[in-house]
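Please read the structure below before turning to the comments.
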Amino acid sequence: MNSDTPDRSSAETLLARADALQGTLARNFRDELVQAIYSDAGAIAQRAVRHVGETRRTLDETIDRIVTSRLFGLPLMLVVLAAVFWVTVTGANYPSQLLATGLFWIEAQCAALFDALGIPVWITGLLWHGTYRGLAWVVSVMLPPMAIFFPCFTILEDLGYLPRVAFNLDWLFRKAGAHGKQALTMSMGFGCNAAGIIACRVIDSPRERLIAILTNNFVPCNGRFPTLIMLAVLFVAAQFPAALTSVVAAGTILMVVVIGVLFTLIISAALSRTVLKGEASAFTLELPPYRRPSIGRILYTSLIDRTIFVLWRAVVVAAPAGAVIWILGNVVVGGQSLDQHVAGFLNPLGHAIGLDGVILLAYIIAIPANEIVVPTMLMVYMSTGVMTEEVSGGGLRSLLIDQHGWTLLTAVNLMLFSLLHNPCATTILTMWKETRSAKWTALGALMPLGIAFAVCFIVAQTVRLLA
């Protein structure tokens, strides 16, 4: 044992010396080192390789001069993102309506069968109008957008464009003390935050992986888009000519997305300087060549690995929510249903942040799945006892504005709250599975909620003060 003492002492001395010297290195030391290595490799290649004739820039290099340029890189990324959103939202409308019609037809037939068999009304309501309808809403709202978004995302990944996105955003995340690959996990979160958290496995550093996990919720998933689209159309686009409605609505949603990205960077910077303090690890990325996407891989990865996996988790946690919604809407105490009592209790808090008690109740019930926020709000407002979305256009505008006093402040703060609030139960469960830590899971669930309340409170009180 004594023979090991000199070696151990030497190793400890060497490590102490390395720690002392590390503090003297410049923050861009790793970048300079990588640049020096590539410069030396280029010089060696220039001396050792002879080119016959004129050397021409390859097609990949020509494309990359635009895609990764400081001038065009970020604007092009926003255009591509907007195009994916437009394709997803536009393409999912009809399939969602068709799927909802079919699933609700099954509900009606099964409920009628239960009635014919003499089964008690409350069992029929709880099972079919509560639990089943909640599942039907989640499936009809989630499945079509995910079935479109994830293949689009996988095509960009297979094509070789996503590494360019990470390259373009690396400097922003590095300034925030995070990893450039967080741009990839953030992009995946647009389809589903649970899938975005799973994608954080590509980040090797445990500290930076945890930052990416905790902040993935600040990009809106497809479950939050129905609420954002409704608000953008009714309250923003309605102020413009009909010909510009779709453009204004798309621009409004893109603006909300940009705000979410800004919050991702701000909170990442705050975490990296406090509870997850540390230096950003080096992100050296050799851009892969552009290649033709593989249809088989795209279909398997996007539909099996991502869409079905995420949808199954959402269905599992949404089933109890449907039952709870039905109970709250159909159990009457003192002449009012339970949901009306709870909404009245929450109303002072909702008013303080520019919303109301019904909206807060809807978000509490919708913790299992964000897709049921709007149907739950309409159920409580209309006192129907079941989730409904059979109000649209002028009828919906009249219900919200004329009957329940919604204003532009309500719409703006609801957009902010929808963007920033706590993750859904599927995402929280995924967070636990990835971190195996109750502390970090609780922080990932409660931190966004606190930020949402703080931001909405500041906006509401500022607007009322200036009015």
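If you're wondering about the labels, chains in the structure tokens are A, B, ... by order shown, residues count from 1 in each chain, ligands from 1 in order shown.
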Checklist line | Exercise: segment 196-203 of chain A partners within 6 Å, only C-alpha atoms, chain neighbours under 3 positions left out, as a PyMOL selection string | finding: chain A and resi 185+188-189+193+209+213
Item checked: Who sits within 8 Å of segment 439-456 of chain A, only C-alpha atoms, same chain under 5 positions skipped, as a ChimeraX atom specification -> /A:213-215,217-218,353-354,413,416-417,420-423,428,431-432
Margin query: Could you list, as a list in words, every residue within 8 Å of Gly180 of chain A, counting only C-alpha atoms and ignoring same-chain residues fewer than 2 positions away?
Written below: Ala166, Phe167, Leu169, Asp170, Trp171, Leu172, Phe173, Arg174, Ala178, Gln182, Ala183 and Phe283 of chain A
Dump C-alpha atoms for the selected residues as a PDB file, in the first residue's frame?
ATOM      1  CA  ALA A 166     -27.704  24.240 -33.512  1.00  0.00           C
ATOM      2  CA  PHE A 167     -24.679  25.898 -35.131  1.00  0.00           C
ATOM      3  CA  LEU A 169     -27.900  29.280 -32.089  1.00  0.00           C
ATOM      4  CA  ASP A 170     -24.787  27.986 -30.342  1.00  0.00           C
ATOM      5  CA  TRP A 171     -23.457  31.455 -29.538  1.00  0.00           C
ATOM      6  CA  LEU A 172     -26.744  32.434 -27.861  1.00  0.00           C
ATOM      7  CA  PHE A 173     -26.888  29.335 -25.684  1.00  0.00           C
ATOM      8  CA  ARG A 174     -23.170  29.595 -24.904  1.00  0.00           C
ATOM      9  CA  ALA A 178     -25.955  26.303 -21.835  1.00  0.00           C
ATOM     10  CA  GLN A 182     -30.242  22.694 -26.576  1.00  0.00           C
ATOM     11  CA  ALA A 183     -31.468  24.319 -29.790  1.00  0.00           C
ATOM     12  CA  PHE A 283     -19.534  22.365 -28.610  1.00  0.00           C
TER      13      PHE A 283
END
Next item on the list: Determine the nearest neighbour of Leu276 of chain A from the options A:Glu208, A:Val331, A:Gly322, A:Val233, counting only C-alpha atoms.
Entry: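 When distances to Leu276 of chain A are compared using only C-alpha atoms, the smallest one comes from A:Glu208.
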Next item on the list: Looking only at alpha helix (DSSP H) from DSSP on the backbone, list the matching residues of segment 82-203 of chain A as a count of residues only.
Entry: 95
Note to self: Applying 12 Å and only C-alpha atoms, which residues near Ala176 of chain A remain after dropping the ones on its own chain fewer than 6 positions away? List them as a PyMOL selection string.
What the structure shows: chain A and resi 169-170+182+208+211-212+262-274+276-281
Hey, can you spit out that residue selection with C-alpha atoms as a CSV table (one decimal), in the first residue's frame?
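Heads up, here's the output in out-v3.csv:
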chain,number,residue,atom,x,y,z
A,169,LEU,CA,-27.9,29.3,-32.1
A,170,ASP,CA,-24.8,28.0,-30.3
A,182,GLN,CA,-30.2,22.7,-26.6
A,208,GLU,CA,-26.3,21.4,-19.4
A,211,ILE,CA,-30.8,23.1,-17.9
A,212,ALA,CA,-32.2,21.9,-21.2
A,262,LEU,CA,-36.2,34.5,-25.2
A,263,PHE,CA,-37.5,33.1,-21.9
A,264,THR,CA,-35.6,29.8,-22.6
A,265,LEU,CA,-32.4,31.8,-22.9
A,266,ILE,CA,-33.1,34.1,-19.9
A,267,ILE,CA,-33.9,31.2,-17.6
A,268,SER,CA,-31.1,29.1,-18.9
A,269,ALA,CA,-28.7,32.0,-18.1
A,270,ALA,CA,-30.2,32.4,-14.6
A,271,LEU,CA,-29.9,28.6,-13.8
A,272,SER,CA,-26.3,28.5,-15.2
A,273,ARG,CA,-25.3,31.3,-12.8
A,274,THR,CA,-27.1,30.1,-9.7
A,276,LEU,CA,-26.6,25.0,-11.9
A,277,LYS,CA,-23.5,27.2,-12.0
A,278,GLY,CA,-20.8,26.1,-14.3
A,279,GLU,CA,-18.9,26.8,-17.5
A,280,ALA,CA,-20.5,25.9,-20.8
A,281,SER,CA,-18.8,22.8,-22.3
